[in-house]
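Okay, structure first, notes after.
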Amino acid sequence: MGLSWIKAAAVFVAATATATPVNILVDRKPGHKHAKPPAFFLAGDSTTAVDGGWGNGLLAPLIEPAWGVNFGLSGATTVSFVAAGRWANVTQDLKQYAKEYDCYVTISFGHNDQKPENNVTFDVYQQNLINFANEVKSLGGTALLVSSLTRRVFPTDPHNATDSLHNERLAAIQAANVTGSPIIDLNAASLAYVDAIGRDAAWVYNWGDDRKDMTHLNPWGEVVFGRMVADLIIRAKPDLKHWITPNETLSYDIWNNIPA
């Protein structure tokens, strides 16, 4: 029974620091019928990142030797993510591990690209998503276009959250279609869920002691929406169910519109 070094999931010194996955020694159990385990590299803004995003909620239930790294960056746009060197981190890992692992890259941007002060036009944003996905494919990975997590803002009706990322959702779908990549429609699923359970139940997931941050997730929200992303990925790529520990109770609640 051989011992191999693989990276631990999503360990960062700080949310804005250069991604620094930590190596740990694990025991590779032989005889797994799926010979090439998956590795997940998460690219996105703060709604993916450590401390406030769904990313670690996706990585936590991975079954070894599957593993992943959360490269999400608070405040990132599709432009600044590249400028900060995070995309280079993603592609470096793809180049290193694509032969040994079935590599997946989640691509989820939009919250900051849509802000006028960040000077990213919609056309540039759309093309950047396409470019990201094409580069992942060229390096032997699979791009998973993840539409943006909904904001939990309810202006008047407690069962009608603002659909503030509608165009960004369409851009993710378009990028998936153009590049032949799976669409992981988190925006539609999360919006439908928070509308169904209502404002008070949805705000249970809000970041901060005062729960006034309706964009980012507290630790329990990370678990809930990480599970939502995991379930959506399994729907798109059924073979991956062998590598993600199920949570039947949580999945049942999510897909039956029950507050989790």
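Each chain in the structure tokens gets a letter, A, B, ..., in the order shown, and its residues are numbered from 1; ligands are numbered from 1 in order too.
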Any chance you could list, as a VMD selection string, the residues in stretch 30-105 of chain A that come up strand (DSSP E or B) when DSSP is run on the backbone?
chain A and resid 38 to 44 62 67 to 70 102 to 105
May I have a table of the residues of stretch 149-249 of chain A lying at most 10 Å from stretch 109-118 of chain A, giving each one's closest pair of atoms and their distance in Å to one decimal, counting only C-alpha atoms, ordered by chain and ascending residue number, as a Markdown table?
```
| residue | atom | partner | partner_atom | distance |
| --- | --- | --- | --- | --- |
| A:Leu149 | CA | A:His111 | CA | 8.7 |
| A:Thr150 | CA | A:His111 | CA | 9.2 |
| A:Arg151 | CA | A:His111 | CA | 9.1 |
| A:Ser164 | CA | A:His111 | CA | 9.1 |
| A:Leu165 | CA | A:Gly110 | CA | 7.3 |
| A:His166 | CA | A:Gly110 | CA | 9.9 |
| A:Asn167 | CA | A:Gly110 | CA | 9.0 |
| A:Glu168 | CA | A:Gly110 | CA | 5.7 |
| A:Arg169 | CA | A:Gly110 | CA | 8.2 |
| A:Ala171 | CA | A:Gly110 | CA | 9.1 |
| A:Ala172 | CA | A:Phe109 | CA | 8.6 |
| A:Thr215 | CA | A:His111 | CA | 9.0 |
```
Counting only C-alpha atoms, closest pick from A:Ala83, A:Leu139, A:Ala196, A:Ile234 relative to A:Lys95 is A:Leu139
Stretch 61-157 of chain A: which residues are helix (DSSP H, G or I) by DSSP, as a PyMOL selection string?
chain A and resi 80-83+86-97+116-118+122-138
Using only C-alpha atoms for the distances, tell me which of A:Ala133, A:Val204, A:Leu191, A:Met214 is nearest to A:Ala175.
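The answer is A:Ala133, which sits nearest to A:Ala175.
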Counting only C-alpha atoms, which of A:Asn187, A:Asn56, A:Ser181, A:Ser74 gets nearest to A:Lys137?
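Nearest candidate to A:Lys137 out of A:Asn187, A:Asn56, A:Ser181, A:Ser74: A:Ser181.
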Please identify all polymer residues within 12 Å of A:Thr142, counting only C-alpha atoms, omitting same-chain residues fewer than 3 positions from it, and present them as a ChimeraX atom specification.
/A:38-42,91,94,98,101-107,132-139,145,176,179-183,233,236-237
Selection near A:Tyr125, 7 Å with only C-alpha atoms, sequence-local residues under 4 positions removed, as a ChimeraX atom specification:
/A:78,113,120-121,129
Find, counting only C-alpha atoms, the residue in A:Pro37, A:Ile173, A:Ile197, A:Asn128 that gets nearest to A:Asn160.
A:Ile197
Find, counting only C-alpha atoms, the residue in A:Arg235, A:Ala201, A:Pro65, A:Gln92 that gets nearest to A:Pro259.
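With only C-alpha atoms as the atom set, the closest residue is A:Ala201.
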Here atom CA of A:Asp231 and atom CA of A:Gly85 stand apart by 29.8 Å
When you count only C-alpha atoms, which of these residues is closest to A:Asp45: A:Gly208, A:Gly57, A:Gly198, A:Gly72?
A:Gly72
Kindly give the distance, in Å, that separates atom CA of A:Ser46 and atom CA of A:Ala76, rounded to a single decimal.
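So the answer is 7.2 Å.
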